[in-house]
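protein.pdb follows (PDB, C-alpha atoms):
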```pdb
ATOM      1  CA  MET A 597      -2.902  28.064 -12.761
ATOM      2  CA  SER A 598      -4.609  24.724 -12.188
ATOM      3  CA  VAL A 599      -3.393  21.297 -13.329
ATOM      4  CA  VAL A 600      -5.761  18.338 -12.894
ATOM      5  CA  LEU A 601      -4.195  14.902 -12.414
ATOM      6  CA  GLY A 602      -6.492  11.895 -12.919
ATOM      7  CA  THR A 603      -5.820   8.826 -10.747
ATOM      8  CA  ALA A 604      -8.237   5.877 -10.245
ATOM      9  CA  THR A 605     -10.831   4.477  -7.849
ATOM     10  CA  PRO A 606     -10.233   4.950  -4.103
ATOM     11  CA  GLY A 607      -8.405   2.116  -2.361
ATOM     12  CA  GLY A 608      -5.953   1.321  -5.148
ATOM     13  CA  GLY A 609      -2.338   2.332  -5.627
ATOM     14  CA  PHE A 610      -2.867   5.115  -8.178
ATOM     15  CA  PRO A 611      -4.651   7.566  -5.817
ATOM     16  CA  VAL A 612      -1.916   7.073  -3.188
ATOM     17  CA  TYR A 613       0.795   7.754  -5.737
ATOM     18  CA  GLY A 614      -1.076  10.663  -7.332
ATOM     19  CA  ASP A 615      -1.594  12.408  -4.003
ATOM     20  CA  ALA A 616       2.109  12.030  -3.158
ATOM     21  CA  VAL A 617       3.272  13.436  -6.495
ATOM     22  CA  ALA A 618       0.758  16.305  -6.494
ATOM     23  CA  ALA A 619       1.820  17.326  -2.989
ATOM     24  CA  VAL A 620       5.501  17.431  -3.965
ATOM     25  CA  LEU A 621       4.923  19.303  -7.234
ATOM     26  CA  ASN A 622       2.955  21.941  -5.331
ATOM     27  CA  GLU A 623       5.637  22.193  -2.652
ATOM     28  CA  VAL A 624       8.344  22.774  -5.252
ATOM     29  CA  ASP A 625       6.249  25.165  -7.356
ATOM     30  CA  PRO A 626       3.066  26.318  -5.538
ATOM     31  CA  SER A 627       1.913  28.269  -8.591
ATOM     32  CA  LEU A 628       1.227  25.001 -10.479
ATOM     33  CA  GLY A 629      -1.898  24.250  -8.424
ATOM     34  CA  VAL A 630      -1.913  20.503  -9.077
ATOM     35  CA  THR A 631      -5.078  18.763  -7.860
ATOM     36  CA  THR A 632      -5.992  15.065  -8.103
ATOM     37  CA  ARG A 633      -9.266  13.588  -9.329
ATOM     38  CA  ASN A 634     -10.475  10.035  -8.742
ATOM     39  CA  THR A 635     -11.552   8.289 -11.951
ATOM     40  CA  LYS A 636     -12.452   4.738 -12.948
ATOM     41  CA  GLY A 637      -8.796   4.120 -13.779
ATOM     42  CA  SER A 638      -6.492   3.842 -16.756
ATOM     43  CA  THR A 639      -9.070   2.937 -19.384
ATOM     44  CA  GLU A 640     -11.153   6.016 -18.522
ATOM     45  CA  ASN A 641      -8.143   8.286 -18.120
ATOM     46  CA  VAL A 642      -7.112   7.975 -21.762
ATOM     47  CA  PRO A 643     -10.384   9.332 -23.247
ATOM     48  CA  LEU A 644     -10.593  11.986 -20.503
ATOM     49  CA  LEU A 645      -7.126  13.183 -21.522
ATOM     50  CA  GLU A 646      -8.098  13.163 -25.198
ATOM     51  CA  ALA A 647     -11.183  15.248 -24.391
ATOM     52  CA  GLY A 648      -9.114  17.750 -22.412
ATOM     53  CA  GLN A 649     -10.990  16.993 -19.182
ATOM     54  CA  LEU A 650      -7.705  16.081 -17.495
ATOM     55  CA  ASP A 651      -4.292  17.676 -17.929
ATOM     56  CA  LEU A 652      -2.322  14.689 -16.663
ATOM     57  CA  ALA A 653      -3.374  11.146 -15.788
ATOM     58  CA  LEU A 654      -1.914   7.942 -14.433
ATOM     59  CA  VAL A 655      -2.072   5.131 -16.993
ATOM     60  CA  GLN A 656      -0.977   1.548 -16.509
ATOM     61  CA  GLY A 657       1.673   0.377 -18.959
ATOM     62  CA  GLU A 658      -0.389  -1.980 -21.092
ATOM     63  CA  VAL A 659      -3.194   0.553 -21.498
ATOM     64  CA  ALA A 660      -0.666   3.232 -22.485
ATOM     65  CA  TYR A 661       0.940   0.807 -24.937
ATOM     66  CA  GLU A 662      -2.384   0.067 -26.632
ATOM     67  CA  ALA A 663      -3.450   3.724 -26.695
ATOM     68  CA  LEU A 664      -0.194   5.098 -28.113
ATOM     69  CA  ARG A 665       0.163   2.257 -30.638
ATOM     70  CA  GLY A 666      -3.496   2.338 -31.697
ATOM     71  CA  ILE A 667      -4.253  -1.269 -30.747
ATOM     72  CA  GLY A 668      -8.011  -1.879 -30.789
ATOM     73  CA  ARG A 669      -8.615   1.854 -31.262
ATOM     74  CA  PRO A 670      -7.185   4.858 -33.144
ATOM     75  CA  ALA A 671      -3.764   5.917 -31.859
ATOM     76  CA  ALA A 672      -4.177   8.473 -29.070
ATOM     77  CA  ASP A 673      -2.679  11.926 -29.565
ATOM     78  CA  LEU A 674      -1.186  11.929 -26.072
ATOM     79  CA  LYS A 675       2.315  12.514 -24.764
ATOM     80  CA  ILE A 676       4.360  10.988 -21.955
ATOM     81  CA  PHE A 677       4.966  13.346 -19.060
ATOM     82  CA  ALA A 678       6.824  10.928 -16.790
ATOM     83  CA  ALA A 679       7.438   7.325 -15.891
ATOM     84  CA  MET A 680       5.632   6.384 -12.675
ATOM     85  CA  TYR A 681       6.988   3.055 -11.510
ATOM     86  CA  SER A 682       7.285  -0.535 -12.599
ATOM     87  CA  THR A 683       4.188  -2.670 -12.068
ATOM     88  CA  PRO A 684       4.929  -6.372 -11.593
ATOM     89  CA  GLY A 685       1.609  -8.231 -11.762
ATOM     90  CA  MET A 686       0.804 -11.254  -9.601
ATOM     91  CA  PHE A 687      -1.926 -12.927  -7.573
ATOM     92  CA  VAL A 688      -2.242 -13.027  -3.799
ATOM     93  CA  VAL A 689      -4.030 -15.798  -1.890
ATOM     94  CA  ARG A 690      -4.555 -16.437   1.797
ATOM     95  CA  GLY A 691      -1.797 -18.227   3.647
ATOM     96  CA  ASP A 692      -3.983 -21.311   4.112
ATOM     97  CA  SER A 693      -4.950 -21.527   0.430
ATOM     98  CA  PRO A 694      -4.105 -24.739  -1.460
ATOM     99  CA  VAL A 695      -3.245 -22.653  -4.550
ATOM    100  CA  ARG A 696       0.435 -22.885  -5.508
ATOM    101  CA  ALA A 697       0.440 -21.920  -9.196
ATOM    102  CA  ILE A 698      -1.618 -19.922 -11.687
ATOM    103  CA  GLU A 699      -3.034 -23.142 -13.128
ATOM    104  CA  ASP A 700      -4.497 -23.954  -9.687
ATOM    105  CA  LEU A 701      -6.758 -20.904  -9.980
ATOM    106  CA  ARG A 702      -8.551 -22.283 -13.019
ATOM    107  CA  ALA A 703     -12.352 -22.310 -12.492
ATOM    108  CA  ARG A 704     -11.995 -20.442  -9.177
ATOM    109  CA  ALA A 705     -13.335 -16.988  -8.302
ATOM    110  CA  VAL A 706     -10.631 -14.385  -8.894
ATOM    111  CA  ALA A 707     -10.915 -10.657  -8.259
ATOM    112  CA  PHE A 708      -9.082  -9.024 -11.173
ATOM    113  CA  GLY A 709      -9.589  -5.462  -9.928
ATOM    114  CA  ALA A 710     -11.694  -2.497 -10.954
ATOM    115  CA  ARG A 711     -13.023  -2.931 -14.478
ATOM    116  CA  GLY A 712     -11.421   0.318 -15.652
ATOM    117  CA  SER A 713      -8.042  -0.518 -14.155
ATOM    118  CA  GLY A 714      -5.022  -1.144 -16.338
ATOM    119  CA  LEU A 715      -4.135  -4.047 -14.057
ATOM    120  CA  VAL A 716      -7.023  -5.944 -15.626
ATOM    121  CA  ILE A 717      -5.402  -5.420 -19.036
ATOM    122  CA  LEU A 718      -2.031  -6.630 -17.733
ATOM    123  CA  ALA A 719      -3.706  -9.791 -16.409
ATOM    124  CA  ARG A 720      -5.302 -10.322 -19.806
ATOM    125  CA  TYR A 721      -1.911 -10.249 -21.561
ATOM    126  CA  VAL A 722      -0.217 -12.517 -19.017
ATOM    127  CA  LEU A 723      -3.031 -15.068 -19.070
ATOM    128  CA  ASP A 724      -3.317 -14.952 -22.861
ATOM    129  CA  GLY A 725       0.365 -15.816 -23.100
ATOM    130  CA  LEU A 726      -0.410 -18.916 -21.039
ATOM    131  CA  GLY A 727      -3.380 -19.873 -23.196
ATOM    132  CA  LEU A 728      -5.877 -18.761 -20.560
ATOM    133  CA  ASP A 729      -8.803 -16.340 -20.692
ATOM    134  CA  GLN A 730     -10.072 -14.223 -17.782
ATOM    135  CA  THR A 731     -13.750 -14.848 -18.337
ATOM    136  CA  ARG A 732     -13.638 -18.351 -19.831
ATOM    137  CA  ASP A 733     -11.197 -20.027 -17.443
ATOM    138  CA  PHE A 734     -11.967 -18.209 -14.190
ATOM    139  CA  GLU A 735     -14.959 -16.913 -12.287
ATOM    140  CA  ALA A 736     -13.835 -13.363 -12.988
ATOM    141  CA  ILE A 737     -14.847 -10.685 -10.497
ATOM    142  CA  TYR A 738     -14.578  -7.024 -11.508
ATOM    143  CA  LEU A 739     -14.794  -4.532  -8.676
ATOM    144  CA  GLU A 740     -16.568  -1.202  -8.375
ATOM    145  CA  ARG A 741     -13.771  -0.043  -6.048
ATOM    146  CA  ALA A 742     -10.233  -1.394  -6.116
ATOM    147  CA  GLY A 743     -10.170  -1.336  -2.323
ATOM    148  CA  ASP A 744     -12.926  -3.970  -2.112
ATOM    149  CA  GLY A 745     -10.644  -6.795  -3.244
ATOM    150  CA  PRO A 746      -8.773  -7.720  -0.032
ATOM    151  CA  ALA A 747     -11.951  -8.387   1.971
ATOM    152  CA  MET A 748     -13.186 -10.756  -0.732
ATOM    153  CA  VAL A 749     -10.036 -12.860  -0.457
ATOM    154  CA  LEU A 750      -9.976 -12.784   3.324
ATOM    155  CA  ASP A 751     -13.617 -13.876   3.717
ATOM    156  CA  GLY A 752     -13.424 -16.503   0.981
ATOM    157  CA  ARG A 753     -15.601 -14.897  -1.686
ATOM    158  CA  ALA A 754     -12.552 -14.892  -3.973
ATOM    159  CA  ALA A 755      -9.746 -17.440  -4.106
ATOM    160  CA  ALA A 756      -7.262 -14.789  -5.227
ATOM    161  CA  LEU A 757      -6.770 -11.114  -5.969
ATOM    162  CA  TRP A 758      -4.765  -9.917  -8.964
ATOM    163  CA  GLY A 759      -2.740  -6.738  -8.563
ATOM    164  CA  GLY A 760       0.630  -5.151  -9.107
ATOM    165  CA  GLY A 761       3.377  -2.921  -7.888
ATOM    166  CA  ILE A 762       5.619  -2.842  -4.841
ATOM    167  CA  GLY A 763       3.938  -1.770  -1.634
ATOM    168  CA  TRP A 764       0.519  -1.959  -3.365
ATOM    169  CA  PRO A 765      -2.075  -1.189  -0.644
ATOM    170  CA  ASN A 766      -4.380  -4.106  -1.437
ATOM    171  CA  PHE A 767      -1.542  -6.640  -1.270
ATOM    172  CA  VAL A 768      -0.432  -5.090   2.017
ATOM    173  CA  ALA A 769      -3.971  -5.501   3.372
ATOM    174  CA  VAL A 770      -4.101  -9.234   2.541
ATOM    175  CA  SER A 771      -0.553 -10.060   3.630
ATOM    176  CA  SER A 772      -0.966  -8.149   6.907
ATOM    177  CA  ALA A 773      -4.048 -10.133   7.949
ATOM    178  CA  PRO A 774      -3.855 -13.017  10.456
ATOM    179  CA  GLY A 775      -2.675 -16.150   8.705
ATOM    180  CA  GLY A 776      -0.608 -14.195   6.185
ATOM    181  CA  ALA A 777      -0.637 -14.605   2.438
ATOM    182  CA  ARG A 778       1.118 -16.247  -0.488
ATOM    183  CA  PHE A 779       1.950 -14.608  -3.807
ATOM    184  CA  ILE A 780       1.404 -16.474  -7.057
ATOM    185  CA  ALA A 781       3.497 -15.309 -10.018
ATOM    186  CA  PRO A 782       4.368 -16.927 -13.365
ATOM    187  CA  SER A 783       6.977 -19.682 -13.261
ATOM    188  CA  PRO A 784      10.185 -19.274 -15.330
ATOM    189  CA  GLU A 785       8.577 -21.447 -18.016
ATOM    190  CA  ASP A 786       5.406 -19.330 -17.884
ATOM    191  CA  ILE A 787       7.479 -16.168 -18.310
ATOM    192  CA  GLU A 788       9.117 -17.557 -21.440
ATOM    193  CA  ARG A 789       5.722 -18.429 -22.923
ATOM    194  CA  VAL A 790       4.195 -15.032 -22.199
ATOM    195  CA  ARG A 791       7.157 -13.037 -23.510
ATOM    196  CA  ALA A 792       7.322 -15.163 -26.652
ATOM    197  CA  LYS A 793       3.829 -13.913 -27.503
ATOM    198  CA  HIS A 794       3.869 -10.450 -25.870
ATOM    199  CA  ALA A 795       7.465  -9.205 -25.914
ATOM    200  CA  PHE A 796       6.606  -5.742 -24.582
ATOM    201  CA  VAL A 797       5.721  -7.289 -21.206
ATOM    202  CA  LYS A 798       8.913  -7.277 -19.128
ATOM    203  CA  THR A 799      10.284  -9.361 -16.263
ATOM    204  CA  ILE A 800      10.340  -7.317 -13.056
ATOM    205  CA  ALA A 801      11.775  -8.294  -9.679
ATOM    206  CA  VAL A 802       9.768  -7.851  -6.486
ATOM    207  CA  PRO A 803      12.433  -7.672  -3.747
ATOM    208  CA  ALA A 804      12.059  -9.758  -0.602
ATOM    209  CA  GLY A 805      10.308  -7.803   2.124
ATOM    210  CA  SER A 806       8.185  -5.772  -0.277
ATOM    211  CA  TYR A 807       5.149  -7.128   1.616
ATOM    212  CA  PRO A 808       4.616  -8.434   5.152
ATOM    213  CA  GLY A 809       5.781 -12.036   5.401
ATOM    214  CA  GLN A 810       7.345 -12.067   1.916
ATOM    215  CA  GLU A 811      10.712 -13.654   2.663
ATOM    216  CA  ARG A 812      11.874 -14.319  -0.895
ATOM    217  CA  ALA A 813      12.194 -12.186  -4.001
ATOM    218  CA  ILE A 814       9.562 -12.803  -6.676
ATOM    219  CA  THR A 815      10.002 -12.534 -10.433
ATOM    220  CA  ALA A 816       6.840 -11.280 -12.130
ATOM    221  CA  LEU A 817       5.743  -9.743 -15.436
ATOM    222  CA  GLY A 818       4.680  -6.175 -16.018
ATOM    223  CA  SER A 819       5.647  -2.775 -17.366
ATOM    224  CA  TYR A 820       6.217   0.851 -16.425
ATOM    225  CA  SER A 821       3.051   2.758 -15.642
ATOM    226  CA  LEU A 822       3.161   6.281 -17.055
ATOM    227  CA  VAL A 823       1.886   9.773 -16.398
ATOM    228  CA  LEU A 824       0.372  10.806 -19.735
ATOM    229  CA  ALA A 825      -0.398  14.375 -20.742
ATOM    230  CA  SER A 826      -3.246  15.884 -22.704
ATOM    231  CA  PRO A 827      -2.226  17.319 -26.097
ATOM    232  CA  ARG A 828      -3.648  20.611 -24.802
ATOM    233  CA  LEU A 829      -1.096  20.873 -21.965
ATOM    234  CA  PRO A 830       1.005  23.948 -22.887
ATOM    235  CA  GLU A 831       4.736  23.402 -23.405
ATOM    236  CA  ASP A 832       5.720  25.950 -20.762
ATOM    237  CA  VAL A 833       3.474  24.283 -18.170
ATOM    238  CA  ALA A 834       4.920  20.849 -18.973
ATOM    239  CA  TRP A 835       8.428  22.356 -18.614
ATOM    240  CA  ARG A 836       7.577  23.715 -15.162
ATOM    241  CA  LEU A 837       6.003  20.424 -14.107
ATOM    242  CA  ALA A 838       9.085  18.516 -15.294
ATOM    243  CA  ARG A 839      11.355  20.887 -13.390
ATOM    244  CA  ALA A 840       9.288  20.421 -10.216
ATOM    245  CA  LEU A 841       9.332  16.640 -10.648
ATOM    246  CA  HIS A 842      13.110  16.642 -11.112
ATOM    247  CA  GLN A 843      13.777  18.965  -8.185
ATOM    248  CA  GLY A 844      11.338  17.068  -5.965
ATOM    249  CA  ALA A 845      12.626  13.568  -6.793
ATOM    250  CA  SER A 846      13.946  12.843  -3.306
ATOM    251  CA  ALA A 847      10.730  14.103  -1.689
ATOM    252  CA  ILE A 848       8.613  11.824  -3.907
ATOM    253  CA  ALA A 849      10.849   8.883  -2.985
ATOM    254  CA  ALA A 850      10.316   9.679   0.703
ATOM    255  CA  ARG A 851       6.513   9.787   0.308
ATOM    256  CA  HIS A 852       5.919   6.669  -1.799
ATOM    257  CA  ALA A 853       7.365   3.147  -1.730
ATOM    258  CA  GLN A 854       8.214   3.258  -5.445
ATOM    259  CA  GLY A 855       8.647   7.007  -5.733
ATOM    260  CA  HIS A 856      12.370   6.594  -6.368
ATOM    261  CA  GLU A 857      11.466   5.216  -9.809
ATOM    262  CA  SER A 858       9.685   8.433 -10.851
ATOM    263  CA  THR A 859      12.644  10.112 -12.506
ATOM    264  CA  LEU A 860      13.152  11.826 -15.832
ATOM    265  CA  GLU A 861      15.963   9.361 -16.533
ATOM    266  CA  ASN A 862      13.477   6.484 -16.234
ATOM    267  CA  THR A 863      11.029   8.458 -18.355
ATOM    268  CA  LEU A 864      13.571   8.600 -21.149
ATOM    269  CA  ALA A 865      14.226   4.861 -20.813
ATOM    270  CA  ALA A 866      10.522   3.919 -20.659
ATOM    271  CA  ALA A 867       9.518   5.791 -23.828
ATOM    272  CA  ALA A 868       9.552   3.599 -26.929
ATOM    273  CA  ARG A 869      10.371   6.729 -28.976
ATOM    274  CA  ARG A 870      11.617  10.123 -27.879
ATOM    275  CA  ASP A 871       8.905  11.914 -29.848
ATOM    276  CA  LEU A 872       6.312  10.330 -27.543
ATOM    277  CA  ILE A 873       7.584  12.500 -24.673
ATOM    278  CA  HIS A 874       5.926  15.901 -24.225
ATOM    279  CA  PRO A 875       7.974  18.668 -25.921
ATOM    280  CA  GLY A 876       8.073  20.701 -22.701
ATOM    281  CA  VAL A 877       9.513  17.746 -20.799
ATOM    282  CA  LEU A 878      12.083  17.105 -23.530
ATOM    283  CA  ARG A 879      13.140  20.756 -23.398
ATOM    284  CA  TYR A 880      13.688  20.540 -19.650
ATOM    285  CA  MET A 881      15.591  17.254 -20.080
ATOM    286  CA  ARG A 882      17.992  18.912 -22.523
ATOM    287  CA  GLU A 883      18.506  21.921 -20.287
ATOM    288  CA  ALA A 884      19.118  19.675 -17.248
ATOM    289  CA  GLY A 885      21.637  17.555 -19.165
ATOM    290  CA  ILE A 886      19.436  14.434 -19.030
ATOM    291  CA  SER A 887      18.928  14.273 -22.780
ATOM    292  CA  LYS A 888      20.845  15.637 -25.747
TER     293      LYS A 888
END
```

If you took the structure in this file and wrote it as structure tokens, what would it be?
Amino acid sequence: MSVVLGTATPGGGFPVYGDAVAAVLNEVDPSLGVTTRNTKGSTENVPLLEAGQLDLALVQGEVAYEALRGIGRPAADLKIFAAMYSTPGMFVVRGDSPVRAIEDLRARAVAFGARGSGLVILARYVLDGLGLDQTRDFEAIYLERAGDGPAMVLDGRAAALWGGGIGWPNFVAVSSAPGGARFIAPSPEDIERVRAKHAFVKTIAVPAGSYPGQERAITALGSYSLVLASPRLPEDVAWRLARALHQGASAIAARHAQGHESTLENTLAAAARRDLIHPGVLRYMREAGISK
């Protein structure tokens, strides 16, 4: 058996997470043969899943929301395999930057990430809620590789880098550099404005110490990223994958900073409707006593 898991461009958080999950699934059930494949990110993963070129894929929350709801496109016939982790979106700037708020970034060069990344979509929703536009109000930079962003901030080509997650590699790279970094997230008033327009975007806490030099907790906006499944993924295979994920939960948590969030319980909570979860996963949930 072979199961192909689509991730994103090298240097971002998705490939790191995907490799950790694939390794654990194969350790628990070697017959699954899970392999990872780098892609352009969430916006490419959805059509690849629909075409059956991937069995599973990592999809950022806002992209999954639009695909499953049919926003800007026909509703995708895809199912949720698992919740990945929460993705609080924010900007990072150098420690010596004069930028203190999102408004201060107006008209400055900002690296929003790889064009196919779901993080770009999250930024679009957050900024739209504040009456801002990525391309109109900023010198928007879209990267070929997610891993190119930190160097652009550190050498001054970009005033800020947008990203998300806890322990996200690109934020670690900037905050670990000499001089440190500062994170720029929506203010409480900003959060109210964004959620008034886009209620599906949630407030998410980034605990103190999530990044080098980050002494205080940060409140940001984001969603749960998901592992989506192709409609062609057989029910028995999804059942075995769900069993391996459940049995390997502690091993995933040990391998990834946010791996403890990748549980079937969180999957149930993250799904807007139960019928959006793959039937094989639901069957395992019932048998494991997670769902009725």

Judged by all atoms listed in the file, the minimum distance to Ala754 (chain A) among A:Arg704, A:Arg720, A:Lys793, A:His842 is found for A:Arg704

Return the single residue from A:Val630, A:Ile800, A:Ala884, A:Leu715 that is closest to Gly608 (chain A), with distances computed using only C-alpha atoms.
A:Leu715

Evaluate the PyMOL selection byres ((chain A and resi 643) around 12) here and jot the selected residues down as a PDB file with C-alpha atoms, keeping the file's coordinate frame.
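out_33.pdb, freshly written:
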```pdb
ATOM      1  CA  GLY A 602      -6.492  11.895 -12.919  1.00  0.00           C
ATOM      2  CA  THR A 635     -11.552   8.289 -11.951  1.00  0.00           C
ATOM      3  CA  LYS A 636     -12.452   4.738 -12.948  1.00  0.00           C
ATOM      4  CA  GLY A 637      -8.796   4.120 -13.779  1.00  0.00           C
ATOM      5  CA  SER A 638      -6.492   3.842 -16.756  1.00  0.00           C
ATOM      6  CA  THR A 639      -9.070   2.937 -19.384  1.00  0.00           C
ATOM      7  CA  GLU A 640     -11.153   6.016 -18.522  1.00  0.00           C
ATOM      8  CA  ASN A 641      -8.143   8.286 -18.120  1.00  0.00           C
ATOM      9  CA  VAL A 642      -7.112   7.975 -21.762  1.00  0.00           C
ATOM     10  CA  LEU A 644     -10.593  11.986 -20.503  1.00  0.00           C
ATOM     11  CA  LEU A 645      -7.126  13.183 -21.522  1.00  0.00           C
ATOM     12  CA  GLU A 646      -8.098  13.163 -25.198  1.00  0.00           C
ATOM     13  CA  ALA A 647     -11.183  15.248 -24.391  1.00  0.00           C
ATOM     14  CA  GLY A 648      -9.114  17.750 -22.412  1.00  0.00           C
ATOM     15  CA  GLN A 649     -10.990  16.993 -19.182  1.00  0.00           C
ATOM     16  CA  LEU A 650      -7.705  16.081 -17.495  1.00  0.00           C
ATOM     17  CA  ASP A 651      -4.292  17.676 -17.929  1.00  0.00           C
ATOM     18  CA  LEU A 652      -2.322  14.689 -16.663  1.00  0.00           C
ATOM     19  CA  ALA A 653      -3.374  11.146 -15.788  1.00  0.00           C
ATOM     20  CA  VAL A 655      -2.072   5.131 -16.993  1.00  0.00           C
ATOM     21  CA  VAL A 659      -3.194   0.553 -21.498  1.00  0.00           C
ATOM     22  CA  ALA A 660      -0.666   3.232 -22.485  1.00  0.00           C
ATOM     23  CA  ALA A 663      -3.450   3.724 -26.695  1.00  0.00           C
ATOM     24  CA  ARG A 669      -8.615   1.854 -31.262  1.00  0.00           C
ATOM     25  CA  PRO A 670      -7.185   4.858 -33.144  1.00  0.00           C
ATOM     26  CA  ALA A 671      -3.764   5.917 -31.859  1.00  0.00           C
ATOM     27  CA  ALA A 672      -4.177   8.473 -29.070  1.00  0.00           C
ATOM     28  CA  ASP A 673      -2.679  11.926 -29.565  1.00  0.00           C
ATOM     29  CA  LEU A 674      -1.186  11.929 -26.072  1.00  0.00           C
ATOM     30  CA  GLY A 712     -11.421   0.318 -15.652  1.00  0.00           C
ATOM     31  CA  LEU A 824       0.372  10.806 -19.735  1.00  0.00           C
ATOM     32  CA  ALA A 825      -0.398  14.375 -20.742  1.00  0.00           C
ATOM     33  CA  SER A 826      -3.246  15.884 -22.704  1.00  0.00           C
ATOM     34  CA  PRO A 827      -2.226  17.319 -26.097  1.00  0.00           C
TER      35      PRO A 827
END
```

Of the listed residues A:Leu817, A:Pro606, A:Asp871, A:Gly763, that which approaches Gly745 (chain A) most closely, counting only C-alpha atoms:
A:Pro606

Option closest in space to Ala816 (chain A), from A:Ile886, A:Val722, A:Ile848, A:Val689 [counting all atoms listed in the file]:
A:Val722

Atom-to-atom span, CA of Leu750 (chain A) and CA of Ala773 (chain A), Å:
8.0 Å

Looking at all atoms listed in the file, which of A:Ile762, A:Ala604, A:Ala868, A:Val833 is the one that sits closest to Ala813 (chain A)?
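Counting all atoms listed in the file, the residue closest to Ala813 (chain A) is A:Ile762.
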
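Residue selection for this entry, given the PyMOL selection byres ((chain A and resi 701) around 10), comprises Phe687, Val689, Pro694, Val695, Arg696, Ala697, Ile698, Glu699, Asp700, Arg702, Ala703, Arg704, Ala705, Val706, Asp733, Phe734, Glu735, Ala755, Ala756 and Ile780 of chain A.
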
Next, dump the selected residues to file, keeping only C-alpha atoms, as a PDB file, in the frame of the given file.
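Dumped everything to selection37.pdb:
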```pdb
ATOM      1  CA  PHE A 687      -1.926 -12.927  -7.573  1.00  0.00           C
ATOM      2  CA  VAL A 689      -4.030 -15.798  -1.890  1.00  0.00           C
ATOM      3  CA  PRO A 694      -4.105 -24.739  -1.460  1.00  0.00           C
ATOM      4  CA  VAL A 695      -3.245 -22.653  -4.550  1.00  0.00           C
ATOM      5  CA  ARG A 696       0.435 -22.885  -5.508  1.00  0.00           C
ATOM      6  CA  ALA A 697       0.440 -21.920  -9.196  1.00  0.00           C
ATOM      7  CA  ILE A 698      -1.618 -19.922 -11.687  1.00  0.00           C
ATOM      8  CA  GLU A 699      -3.034 -23.142 -13.128  1.00  0.00           C
ATOM      9  CA  ASP A 700      -4.497 -23.954  -9.687  1.00  0.00           C
ATOM     10  CA  ARG A 702      -8.551 -22.283 -13.019  1.00  0.00           C
ATOM     11  CA  ALA A 703     -12.352 -22.310 -12.492  1.00  0.00           C
ATOM     12  CA  ARG A 704     -11.995 -20.442  -9.177  1.00  0.00           C
ATOM     13  CA  ALA A 705     -13.335 -16.988  -8.302  1.00  0.00           C
ATOM     14  CA  VAL A 706     -10.631 -14.385  -8.894  1.00  0.00           C
ATOM     15  CA  ASP A 733     -11.197 -20.027 -17.443  1.00  0.00           C
ATOM     16  CA  PHE A 734     -11.967 -18.209 -14.190  1.00  0.00           C
ATOM     17  CA  GLU A 735     -14.959 -16.913 -12.287  1.00  0.00           C
ATOM     18  CA  ALA A 755      -9.746 -17.440  -4.106  1.00  0.00           C
ATOM     19  CA  ALA A 756      -7.262 -14.789  -5.227  1.00  0.00           C
ATOM     20  CA  ILE A 780       1.404 -16.474  -7.057  1.00  0.00           C
TER      21      ILE A 780
END
```

Of the residues A:Thr863, A:Ala736, A:Tyr661, A:Arg851, which is the one nearest to Ala795 (chain A), using only C-alpha atoms?
A:Tyr661

Please identify all polymer residues within 12 Å of Val802 (chain A), counting all atoms listed in the file, omitting same-chain residues fewer than 2 positions from it, and present them as a list in words.
Ser682, Thr683, Pro684, Gly685, Met686, Gly760, Gly761, Ile762, Gly763, Trp764, Phe779, Ala781, Thr799, Ile800, Ala804, Gly805, Ser806, Tyr807, Gln810, Glu811, Arg812, Ala813, Ile814, Thr815, Ala816, Leu817, Gly818 and Gln854 of chain A

Gap from CA of Phe767 (chain A) to CA of Glu861 (chain A) - Å, one decimal
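Taking CA of Phe767 (chain A) as the start and CA of Glu861 (chain A) as the end point, the length is 28.2 Å.
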
What is the distance between CA of Ser783 (chain A) and CA of Pro808 (chain A), in Å to one decimal?
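Spanning CA of Ser783 (chain A) to CA of Pro808 (chain A) is a straight-line distance of 21.7 Å.
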
Excluding Ile676 (chain A) and residues on its chain fewer than 3 positions from it, collect all residues at most 7 Å away from it, counting all atoms listed in the file, and give them as an MDAnalysis selection string.
chainID A and resid 822:825 872:874
